[in-house]
>>> print(open('final_30.cif').read())   # mmCIF, C-alpha atoms
data_query
#
loop_
_atom_site.label_atom_id
_atom_site.label_comp_id
_atom_site.auth_asym_id
_atom_site.auth_seq_id
_atom_site.Cartn_x
_atom_site.Cartn_y
_atom_site.Cartn_z
CA MET F 1 6.03 -34.15 15.73
CA SER F 2 6.62 -31.18 13.49
CA PRO F 3 6.62 -31.88 9.75
CA HIS F 4 9.82 -29.87 9.41
CA GLY F 5 13.22 -30.54 10.85
CA ALA F 6 14.54 -28.40 13.65
CA ASP F 7 16.43 -26.27 11.16
CA MET F 8 13.27 -25.44 9.25
CA LYS F 9 11.69 -23.95 12.33
CA SER F 10 11.90 -20.24 12.81
CA GLU F 11 14.30 -19.17 15.48
CA PRO F 12 12.07 -18.48 18.49
CA ASN F 13 10.34 -15.15 17.95
CA THR F 14 10.50 -12.68 20.72
CA ALA F 15 7.54 -13.46 22.95
CA ALA F 16 6.13 -9.97 22.36
CA ALA F 17 6.03 -10.15 18.57
CA LYS F 18 4.48 -13.61 18.71
CA ALA F 19 1.77 -12.47 21.12
CA ARG F 20 1.04 -9.45 18.90
CA ASN F 21 0.62 -11.64 15.87
CA LEU F 22 -1.62 -14.14 17.64
CA LYS F 23 -3.80 -11.29 18.87
CA ARG F 24 -4.04 -9.94 15.32
CA LEU F 25 -4.89 -13.34 13.90
CA ARG F 26 -7.67 -13.82 16.44
CA ARG F 27 -9.09 -10.45 15.47
CA ILE F 28 -8.88 -11.47 11.80
CA GLU F 29 -10.72 -14.69 12.61
CA GLY F 30 -13.48 -12.54 14.14
CA GLN F 31 -13.57 -10.33 11.04
CA VAL F 32 -13.97 -13.39 8.82
CA ARG F 33 -16.88 -14.60 10.96
CA GLY F 34 -18.33 -11.10 10.66
CA LEU F 35 -18.09 -11.43 6.87
CA GLN F 36 -20.04 -14.71 7.01
CA LYS F 37 -22.79 -12.92 8.92
CA MET F 38 -22.83 -10.07 6.39
CA VAL F 39 -23.17 -12.51 3.50
CA GLU F 40 -25.92 -14.43 5.31
CA GLU F 41 -27.82 -11.20 5.93
CA ASP F 42 -27.48 -10.05 2.27
CA ARG F 43 -25.74 -6.87 3.31
CA TYR F 44 -24.93 -4.23 0.70
CA CYS F 45 -22.08 -5.40 -1.54
CA ALA F 46 -19.97 -2.27 -1.11
CA GLU F 47 -19.97 -2.81 2.66
CA ILE F 48 -18.87 -6.41 2.23
CA LEU F 49 -16.07 -5.34 -0.14
CA THR F 50 -14.95 -2.71 2.36
CA GLN F 51 -14.82 -5.33 5.09
CA ILE F 52 -12.88 -7.72 2.84
CA SER F 53 -10.43 -4.90 2.27
CA SER F 54 -10.00 -4.49 6.05
CA VAL F 55 -9.14 -8.16 6.37
CA HIS F 56 -6.52 -7.82 3.59
CA GLU F 57 -5.01 -4.86 5.43
CA ALA F 58 -4.96 -6.71 8.76
CA LEU F 59 -3.32 -9.73 7.12
CA ARG F 60 -0.63 -7.48 5.65
CA GLY F 61 0.04 -6.26 9.20
CA VAL F 62 0.75 -9.86 10.23
CA GLY F 63 2.84 -10.39 7.09
CA ARG F 64 4.98 -7.34 7.82
CA GLU F 65 5.77 -8.58 11.30
CA VAL F 66 6.59 -12.10 10.07
CA MET F 67 8.79 -10.63 7.32
CA ARG F 68 10.57 -8.37 9.83
CA HIS F 69 11.30 -11.43 11.94
CA HIS F 70 12.37 -13.43 8.91
CA LEU F 71 14.88 -10.75 7.92
CA SER F 72 16.34 -10.24 11.37
CA HIS F 73 16.61 -13.92 12.22
CA CYS F 74 16.47 -16.51 9.43
CA ALA F 75 17.63 -14.30 6.57
CA SER F 76 20.37 -12.50 8.45
CA SER F 77 22.05 -15.80 9.43
CA ALA F 78 22.10 -16.91 5.80
CA ILE F 79 23.34 -13.51 4.64
CA ARG F 80 26.12 -13.45 7.22
CA SER F 81 27.30 -16.89 6.22
CA GLY F 82 27.78 -15.52 2.66
CA GLY F 83 28.38 -17.47 -0.55
CA LYS F 84 25.68 -19.73 -1.97
CA LYS F 85 23.64 -19.66 1.23
CA ALA F 86 23.38 -15.87 1.00
CA ASP F 87 22.63 -15.98 -2.74
CA GLY F 88 19.82 -18.46 -2.20
CA MET F 89 18.39 -16.24 0.51
CA TYR F 90 18.39 -13.14 -1.74
CA ASP F 91 16.41 -15.09 -4.33
CA GLU F 92 13.98 -16.35 -1.70
CA LEU F 93 13.49 -12.85 -0.33
CA VAL F 94 12.79 -11.31 -3.73
CA ASP F 95 10.27 -14.08 -4.42
CA LEU F 96 8.58 -13.53 -1.07
CA MET F 97 8.43 -9.79 -1.71
CA TYR F 98 6.98 -9.88 -5.17
CA THR F 99 4.81 -12.94 -4.82
CA TYR F 100 3.59 -12.97 -1.28
CA THR F 101 3.23 -9.43 -0.05
CA ARG F 102 0.32 -8.73 -2.33
CA MET C 1 -37.69 1.05 -8.11
CA SER C 2 -34.64 2.33 -6.27
CA PRO C 3 -31.42 0.42 -6.99
CA HIS C 4 -30.86 -0.05 -3.28
CA GLY C 5 -33.38 -0.95 -0.65
CA ALA C 6 -34.06 1.60 2.04
CA ASP C 7 -31.80 -0.29 4.42
CA MET C 8 -29.00 -0.64 1.88
CA LYS C 9 -29.43 -4.36 1.77
CA SER C 10 -28.26 -6.16 -1.35
CA GLU C 11 -30.97 -7.56 -3.54
CA PRO C 12 -31.18 -11.22 -2.51
CA ASN C 13 -28.25 -13.08 -3.98
CA THR C 14 -28.92 -16.22 -5.88
CA ALA C 15 -28.91 -18.98 -3.33
CA ALA C 16 -26.05 -20.71 -5.12
CA ALA C 17 -23.64 -17.77 -5.10
CA LYS C 18 -24.40 -17.09 -1.46
CA ALA C 19 -23.77 -20.70 -0.50
CA ARG C 20 -20.48 -20.67 -2.42
CA ASN C 21 -19.31 -17.56 -0.64
CA LEU C 22 -20.26 -18.87 2.80
CA LYS C 23 -18.37 -22.08 2.09
CA ARG C 24 -15.34 -20.06 1.03
CA LEU C 25 -15.50 -17.87 4.10
CA ARG C 26 -15.66 -20.92 6.39
CA ARG C 27 -12.58 -22.31 4.67
CA ILE C 28 -10.85 -18.94 5.12
CA GLU C 29 -11.76 -19.02 8.81
CA GLY C 30 -10.05 -22.42 9.01
CA GLN C 31 -6.98 -21.07 7.22
CA VAL C 32 -6.74 -18.21 9.71
CA ARG C 33 -6.91 -20.67 12.61
CA GLY C 34 -4.21 -22.66 10.84
CA LEU C 35 -2.08 -19.51 10.75
CA GLN C 36 -2.50 -19.08 14.50
CA LYS C 37 -1.22 -22.62 14.99
CA MET C 38 1.74 -21.96 12.69
CA VAL C 39 2.69 -18.83 14.63
CA GLU C 40 2.31 -20.66 17.97
CA GLU C 41 4.58 -23.45 16.73
CA ASP C 42 7.26 -21.01 15.43
CA ARG C 43 6.99 -22.42 11.94
CA TYR C 44 9.37 -21.23 9.25
CA CYS C 45 8.53 -17.65 8.22
CA ALA C 46 8.45 -18.35 4.48
CA GLU C 47 5.75 -20.98 5.08
CA ILE C 48 3.69 -18.55 7.14
CA LEU C 49 4.02 -15.89 4.42
CA THR C 50 2.96 -18.42 1.79
CA GLN C 51 -0.10 -19.31 3.87
CA ILE C 52 -0.94 -15.61 4.36
CA SER C 53 -0.75 -15.26 0.59
CA SER C 54 -3.25 -18.14 0.17
CA VAL C 55 -5.69 -16.36 2.47
CA HIS C 56 -5.34 -13.16 0.40
CA GLU C 57 -6.05 -15.17 -2.74
CA ALA C 58 -9.08 -16.88 -1.20
CA LEU C 59 -10.44 -13.53 -0.02
CA ARG C 60 -10.06 -12.14 -3.53
CA GLY C 61 -12.17 -15.07 -4.72
CA VAL C 62 -14.96 -13.97 -2.37
CA GLY C 63 -14.48 -10.35 -3.47
CA ARG C 64 -14.79 -11.26 -7.14
CA GLU C 65 -18.09 -13.02 -6.52
CA VAL C 66 -19.46 -10.15 -4.43
CA MET C 67 -18.35 -7.66 -7.11
CA ARG C 68 -19.97 -9.77 -9.87
CA HIS C 69 -23.20 -9.72 -7.92
CA HIS C 70 -22.88 -6.00 -7.23
CA LEU C 71 -22.49 -5.27 -10.93
CA SER C 72 -25.33 -7.48 -12.12
CA HIS C 73 -27.79 -6.41 -9.44
CA CYS C 74 -27.19 -3.18 -7.52
CA ALA C 75 -25.00 -1.40 -10.07
CA SER C 76 -26.99 -2.37 -13.15
CA SER C 77 -30.21 -0.94 -11.68
CA ALA C 78 -28.49 2.37 -10.99
CA ILE C 79 -26.87 2.40 -14.44
CA ARG C 80 -30.16 1.66 -16.15
CA SER C 81 -31.89 4.47 -14.32
CA GLY C 82 -29.27 6.84 -15.82
CA GLY C 83 -28.54 10.45 -14.88
CA LYS C 84 -27.05 11.32 -11.49
CA LYS C 85 -27.83 7.88 -10.10
CA ALA C 86 -25.72 6.26 -12.82
CA ASP C 87 -22.95 8.83 -12.42
CA GLY C 88 -22.76 8.20 -8.70
CA MET C 89 -22.55 4.47 -9.35
CA TYR C 90 -19.64 4.85 -11.82
CA ASP C 91 -17.72 6.79 -9.17
CA GLU C 92 -18.53 4.19 -6.52
CA LEU C 93 -17.42 1.37 -8.82
CA VAL C 94 -14.10 3.00 -9.70
CA ASP C 95 -13.43 3.58 -6.00
CA LEU C 96 -14.28 -0.02 -5.18
CA MET C 97 -11.99 -1.25 -7.96
CA TYR C 98 -8.95 0.79 -7.11
CA THR C 99 -9.31 0.82 -3.37
CA TYR C 100 -10.82 -2.47 -2.42
CA THR C 101 -9.72 -5.12 -4.87
CA ARG C 102 -6.14 -5.04 -3.62
CA MET V 1 -6.71 2.29 -40.75
CA SER V 2 -7.46 1.19 -37.23
CA PRO V 3 -6.90 -2.50 -36.45
CA HIS V 4 -10.29 -2.62 -34.78
CA GLY V 5 -13.70 -2.18 -36.28
CA ALA V 6 -15.71 0.91 -35.54
CA ASP V 7 -17.56 -0.90 -32.79
CA MET V 8 -14.35 -1.83 -31.01
CA LYS V 9 -13.36 1.80 -30.70
CA SER V 10 -14.18 3.62 -27.53
CA GLU V 11 -16.97 6.08 -27.86
CA PRO V 12 -15.24 9.44 -28.15
CA ASN V 13 -13.96 10.43 -24.74
CA THR V 14 -14.79 13.87 -23.54
CA ALA V 15 -12.01 16.11 -24.80
CA ALA V 16 -11.09 17.08 -21.24
CA ALA V 17 -10.57 13.56 -19.92
CA LYS V 18 -8.53 12.65 -22.99
CA ALA V 19 -6.30 15.70 -22.61
CA ARG V 20 -5.80 14.91 -18.90
CA ASN V 21 -4.74 11.38 -19.68
CA LEU V 22 -2.33 12.42 -22.43
CA LYS V 23 -0.74 14.95 -20.07
CA ARG V 24 -0.38 12.24 -17.42
CA LEU V 25 1.14 9.79 -19.89
CA ARG V 26 3.70 12.38 -21.03
CA ARG V 27 4.66 12.97 -17.42
CA ILE V 28 4.97 9.20 -16.94
CA GLU V 29 7.23 9.02 -20.02
CA GLY V 30 9.43 11.66 -18.36
CA GLN V 31 9.49 9.65 -15.12
CA VAL V 32 10.60 6.54 -17.00
CA ARG V 33 13.43 8.48 -18.64
CA GLY V 34 14.32 9.76 -15.18
CA LEU V 35 14.52 6.14 -14.02
CA GLN V 36 16.94 5.32 -16.85
CA LYS V 37 19.17 8.17 -15.68
CA MET V 38 19.00 6.94 -12.09
CA VAL V 39 20.03 3.43 -13.15
CA GLU V 40 22.84 4.79 -15.33
CA GLU V 41 24.14 6.85 -12.41
CA ASP V 42 24.00 3.90 -9.97
CA ARG V 43 21.69 5.78 -7.67
CA TYR V 44 20.75 4.29 -4.31
CA CYS V 45 18.36 1.36 -4.81
CA ALA V 46 15.77 2.59 -2.32
CA GLU V 47 15.45 5.83 -4.29
CA ILE V 48 14.97 3.90 -7.53
CA LEU V 49 12.31 1.71 -5.91
CA THR V 50 10.54 4.80 -4.60
CA GLN V 51 10.54 6.30 -8.08
CA ILE V 52 9.23 3.03 -9.58
CA SER V 53 6.44 3.20 -7.03
CA SER V 54 5.57 6.75 -8.19
CA VAL V 55 5.26 5.52 -11.76
CA HIS V 56 2.93 2.70 -10.64
CA GLU V 57 0.80 5.27 -8.81
CA ALA V 58 0.69 7.61 -11.81
CA LEU V 59 -0.28 4.71 -14.09
CA ARG V 60 -3.11 3.79 -11.74
CA GLY V 61 -4.33 7.38 -12.10
CA VAL V 62 -4.57 6.88 -15.86
CA GLY V 63 -6.22 3.49 -15.34
CA ARG V 64 -8.86 4.96 -13.05
CA GLU V 65 -9.81 7.55 -15.65
CA VAL V 66 -9.94 4.98 -18.45
CA MET V 67 -12.06 2.69 -16.27
CA ARG V 68 -14.42 5.55 -15.37
CA HIS V 69 -14.87 6.23 -19.07
CA HIS V 70 -15.30 2.54 -19.82
CA LEU V 71 -18.07 2.24 -17.24
CA SER V 72 -19.95 5.36 -18.27
CA HIS V 73 -19.73 4.72 -22.01
CA CYS V 74 -18.89 1.23 -23.27
CA ALA V 75 -20.09 -0.75 -20.25
CA SER V 76 -23.26 1.22 -19.63
CA SER V 77 -24.49 0.62 -23.20
CA ALA V 78 -23.99 -3.11 -22.81
CA ILE V 79 -25.61 -3.11 -19.38
CA ARG V 80 -28.62 -1.17 -20.64
CA SER V 81 -29.14 -3.54 -23.52
CA GLY V 82 -29.46 -6.34 -20.92
CA GLY V 83 -29.41 -10.09 -21.52
CA LYS V 84 -26.25 -11.83 -22.71
CA LYS V 85 -24.58 -8.57 -23.69
CA ALA V 86 -24.92 -7.31 -20.11
CA ASP V 87 -23.79 -10.65 -18.66
CA GLY V 88 -20.68 -10.66 -20.84
CA MET V 89 -19.90 -7.12 -19.71
CA TYR V 90 -20.16 -8.02 -16.00
CA ASP V 91 -17.65 -10.82 -16.57
CA GLU V 92 -15.34 -8.51 -18.50
CA LEU V 93 -15.54 -5.87 -15.78
CA VAL V 94 -14.75 -8.29 -12.96
CA ASP V 95 -11.76 -9.58 -14.95
CA LEU V 96 -10.54 -6.05 -15.58
CA MET V 97 -10.90 -5.21 -11.90
CA TYR V 98 -9.11 -8.19 -10.49
CA THR V 99 -6.53 -8.67 -13.19
CA TYR V 100 -5.69 -5.25 -14.46
CA THR V 101 -6.03 -2.74 -11.66
CA ARG V 102 -3.04 -4.15 -9.79
CA MET S 1 33.19 0.64 6.15
CA SER S 2 29.77 2.21 5.76
CA PRO S 3 27.25 0.15 3.84
CA HIS S 4 26.32 3.22 1.82
CA GLY S 5 28.64 5.75 0.24
CA ALA S 6 28.48 9.28 1.54
CA ASP S 7 26.37 10.29 -1.42
CA MET S 8 24.01 7.35 -1.00
CA LYS S 9 25.03 5.91 -4.34
CA SER S 10 24.51 2.21 -4.89
CA GLU S 11 27.60 0.09 -5.04
CA PRO S 12 28.27 -0.32 -8.76
CA ASN S 13 25.85 -2.83 -10.18
CA THR S 14 27.20 -5.65 -12.23
CA ALA S 15 27.36 -4.35 -15.77
CA ALA S 16 24.98 -7.09 -16.95
CA ALA S 17 22.16 -6.34 -14.53
CA LYS S 18 22.46 -2.63 -15.26
CA ALA S 19 22.29 -3.20 -19.02
CA ARG S 20 19.26 -5.46 -18.55
CA ASN S 21 17.43 -2.85 -16.55
CA LEU S 22 18.23 -0.04 -19.01
CA LYS S 23 16.95 -2.19 -21.85
CA ARG S 24 13.75 -2.88 -19.90
CA LEU S 25 13.26 0.78 -19.09
CA ARG S 26 13.67 1.76 -22.75
CA ARG S 27 11.04 -0.80 -23.67
CA ILE S 28 8.76 0.59 -20.96
CA GLU S 29 9.29 4.10 -22.38
CA GLY S 30 8.13 2.73 -25.74
CA GLN S 31 5.08 1.13 -24.12
CA VAL S 32 4.14 4.44 -22.51
CA ARG S 33 4.40 6.20 -25.88
CA GLY S 34 2.22 3.42 -27.29
CA LEU S 35 -0.34 4.18 -24.60
CA GLN S 36 -0.39 7.84 -25.63
CA LYS S 37 -1.15 6.77 -29.18
CA MET S 38 -3.92 4.44 -28.00
CA VAL S 39 -5.53 7.24 -26.00
CA GLU S 40 -5.22 9.67 -28.93
CA GLU S 41 -6.90 7.14 -31.22
CA ASP S 42 -9.76 6.47 -28.75
CA ARG S 43 -8.93 2.79 -28.65
CA TYR S 44 -11.18 0.39 -26.77
CA CYS S 45 -10.80 0.92 -23.02
CA ALA S 46 -10.23 -2.74 -22.18
CA GLU S 47 -7.24 -2.77 -24.54
CA ILE S 48 -5.81 0.34 -22.90
CA LEU S 49 -6.26 -1.20 -19.44
CA THR S 50 -4.55 -4.38 -20.62
CA GLN S 51 -1.63 -2.35 -21.91
CA ILE S 52 -1.43 -0.38 -18.64
CA SER S 53 -1.28 -3.72 -16.86
CA SER S 54 1.67 -4.79 -19.07
CA VAL S 55 3.56 -1.65 -18.09
CA HIS S 56 2.92 -2.40 -14.39
CA GLU S 57 4.24 -5.91 -14.92
CA ALA S 58 7.34 -4.68 -16.77
CA LEU S 59 8.02 -2.13 -14.02
CA ARG S 60 7.81 -4.88 -11.41
CA GLY S 61 10.45 -6.72 -13.41
CA VAL S 62 12.78 -3.75 -13.03
CA GLY S 63 11.85 -3.45 -9.36
CA ARG S 64 12.68 -7.10 -8.71
CA GLU S 65 16.15 -6.69 -10.21
CA VAL S 66 16.82 -3.49 -8.27
CA MET S 67 15.62 -5.17 -5.07
CA ARG S 68 17.82 -8.23 -5.74
CA HIS S 69 20.80 -5.90 -6.12
CA HIS S 70 19.81 -3.93 -3.03
CA LEU S 71 19.71 -7.11 -0.95
CA SER S 72 22.95 -8.58 -2.21
CA HIS S 73 24.93 -5.33 -2.03
CA CYS S 74 23.62 -2.47 0.10
CA ALA S 75 21.47 -4.47 2.50
CA SER S 76 23.91 -7.33 3.03
CA SER S 77 26.69 -4.94 4.10
CA ALA S 78 24.40 -3.36 6.68
CA ILE S 79 23.17 -6.74 7.86
CA ARG S 80 26.70 -8.08 8.21
CA SER S 81 27.78 -5.08 10.25
CA GLY S 82 24.99 -6.00 12.76
CA GLY S 83 23.60 -3.91 15.60
CA LYS S 84 21.67 -0.73 14.91
CA LYS S 85 22.82 -0.59 11.30
CA ALA S 86 21.29 -4.00 10.67
CA ASP S 87 18.12 -3.12 12.58
CA GLY S 88 17.66 0.03 10.52
CA MET S 89 18.11 -1.99 7.35
CA TYR S 90 15.44 -4.57 8.37
CA ASP S 91 12.98 -1.72 8.90
CA GLU S 92 13.89 -0.14 5.57
CA LEU S 93 13.48 -3.46 3.76
CA VAL S 94 10.06 -4.19 5.26
CA ASP S 95 8.94 -0.68 4.28
CA LEU S 96 10.23 -1.15 0.74
CA MET S 97 8.48 -4.51 0.48
CA TYR S 98 5.08 -3.46 1.70
CA THR S 99 5.03 0.05 0.30
CA TYR S 100 6.91 -0.10 -2.94
CA THR S 101 6.49 -3.50 -4.49
CA ARG S 102 2.82 -2.98 -5.24
#
>>> encode(input="final_30.cif", output="structure tokens")
Amino acid sequence: MSPHGADMKSEPNTAAAKARNLKRLRRIEGQVRGLQKMVEEDRYCAEILTQISSVHEALRGVGREVMRHHLSHCASSAIRSGGKKADGMYDELVDLMYTYTR
Amino acid sequence: MSPHGADMKSEPNTAAAKARNLKRLRRIEGQVRGLQKMVEEDRYCAEILTQISSVHEALRGVGREVMRHHLSHCASSAIRSGGKKADGMYDELVDLMYTYTR
Amino acid sequence: MSPHGADMKSEPNTAAAKARNLKRLRRIEGQVRGLQKMVEEDRYCAEILTQISSVHEALRGVGREVMRHHLSHCASSAIRSGGKKADGMYDELVDLMYTYTR
Amino acid sequence: MSPHGADMKSEPNTAAAKARNLKRLRRIEGQVRGLQKMVEEDRYCAEILTQISSVHEALRGVGREVMRHHLSHCASSAIRSGGKKADGMYDELVDLMYTYTR
């Protein structure tokens, strides 16, 4: 049913990290709804920008956890297997770091 | 005459810009729910990080529009009135730029 | 002698702000030479990355000061003159914020 | 056996990558001196901010290369050795990514 083959799935996250991230994402969803309300009510721009900044920060918290998991599971397997697999993983990681953590 | 209303409300946004931002924020809400689904399904980390990056980008789109409105309405009134009011606004703007646009 | 016409020059900065920025830029030049030495000596990567991060931070300090000056001099004139001049300045400012402060 | 030498030196970089980074850093040093000249000549703020942005971009280029080397040398040794050493390295990497690549 998944659009990706079994090997494109993440190795199962520890239940705790997954639950933490879901909790964070639900809070972020609430923050985004809060932003809609602020825009509807014509709230002061600086307040809206501050709230947008909080959402960015919360998203980076999720990103950090996903990246930590990526390194300790997906990436570490590739790195341990060495050779081209490891080289490809280094390139992917550098791209993720410089493109997607901002 | 004051650049900000007593209750710190923004001057009414043009209806069009407001509608655009609400539409964007609803799409962002959908993206965040999509992220929850991806985490629940243990999707590949690099895909989740890419999706997180899309949400950051979409949020910056909202921020840009709010900032544009802030400059052309709230900030311009303060700047036109000059003196301490203008000085305070320059400081606020620099803070917003360096703290909240990232 | 300048490649830009008189009206493309910044209005003269206050002497103090200019001196502060030159001092900062000389310190940044020293940091960049320090980085060259670190690379030559094969210093530990994490230390080099930390030092690169310090240079980014110091550059942002210069940027903040330049932006503060831009707002209170160049931008405020355009904003006060209103109309298309002001509109063009709002667009320029938003671009500067979202493109160049990162 | 340790992933890092006693003195925390990087494993020797390939000569090519090192030469590339030194060349980049010398160019960045030149850009910073150019910035000093621009400030001295009261050049238009938007030009200075654009130039500051180029230096940020060039620095990120150096950072990417250092990070690539860090992953393929220092980090991969720690990751291959597994256990606490690997765990410590994952934490270090996530910190580097989210703190120092911006």
>>> calpha_fit_rmsd(input="final_30.cif", fixed="chain V", moving="chain S")
3.5 Å
>>> atom_distance(input="final_30.cif", atom1="CA of Ser77 (chain S)", atom2="CA of Glu40 (chain V)")
22.1 Å
>>> interface_residues(input="final_30.cif", of="chain F", to="chain C", cutoff="7 Å", atoms="all atoms listed in the file", output="JSON list (two decimals) with C-alpha atoms, keeping the file's coordinate frame")
[["chain", "number", "residue", "atom", "x", "y", "z"],
["F", 8, "MET", "CA", 13.27, -25.44, 9.25],
["F", 9, "LYS", "CA", 11.69, -23.95, 12.33],
["F", 10, "SER", "CA", 11.90, -20.24, 12.81],
["F", 12, "PRO", "CA", 12.07, -18.48, 18.49],
["F", 18, "LYS", "CA", 4.48, -13.61, 18.71],
["F", 22, "LEU", "CA", -1.62, -14.14, 17.64],
["F", 25, "LEU", "CA", -4.89, -13.34, 13.90],
["F", 29, "GLU", "CA", -10.72, -14.69, 12.61],
["F", 32, "VAL", "CA", -13.97, -13.39, 8.82],
["F", 36, "GLN", "CA", -20.04, -14.71, 7.01],
["F", 39, "VAL", "CA", -23.17, -12.51, 3.50],
["F", 42, "ASP", "CA", -27.48, -10.05, 2.27],
["F", 43, "ARG", "CA", -25.74, -6.87, 3.31],
["F", 44, "TYR", "CA", -24.93, -4.23, 0.70],
["F", 45, "CYS", "CA", -22.08, -5.40, -1.54],
["F", 49, "LEU", "CA", -16.07, -5.34, -0.14],
["F", 50, "THR", "CA", -14.95, -2.71, 2.36],
["F", 52, "ILE", "CA", -12.88, -7.72, 2.84],
["F", 53, "SER", "CA", -10.43, -4.90, 2.27],
["F", 56, "HIS", "CA", -6.52, -7.82, 3.59],
["F", 59, "LEU", "CA", -3.32, -9.73, 7.12],
["F", 63, "GLY", "CA", 2.84, -10.39, 7.09],
["F", 66, "VAL", "CA", 6.59, -12.10, 10.07],
["F", 70, "HIS", "CA", 12.37, -13.43, 8.91],
["F", 100, "TYR", "CA", 3.59, -12.97, -1.28]]
>>> atom_distance(input="final_30.cif", atom1="CA of Ser72 (chain S)", atom2="CA of Gly61 (chain F)")
25.7 Å
>>> atom_distance(input="final_30.cif", atom1="CA of Ile79 (chain F)", atom2="CA of Ser76 (chain S)")
6.4 Å
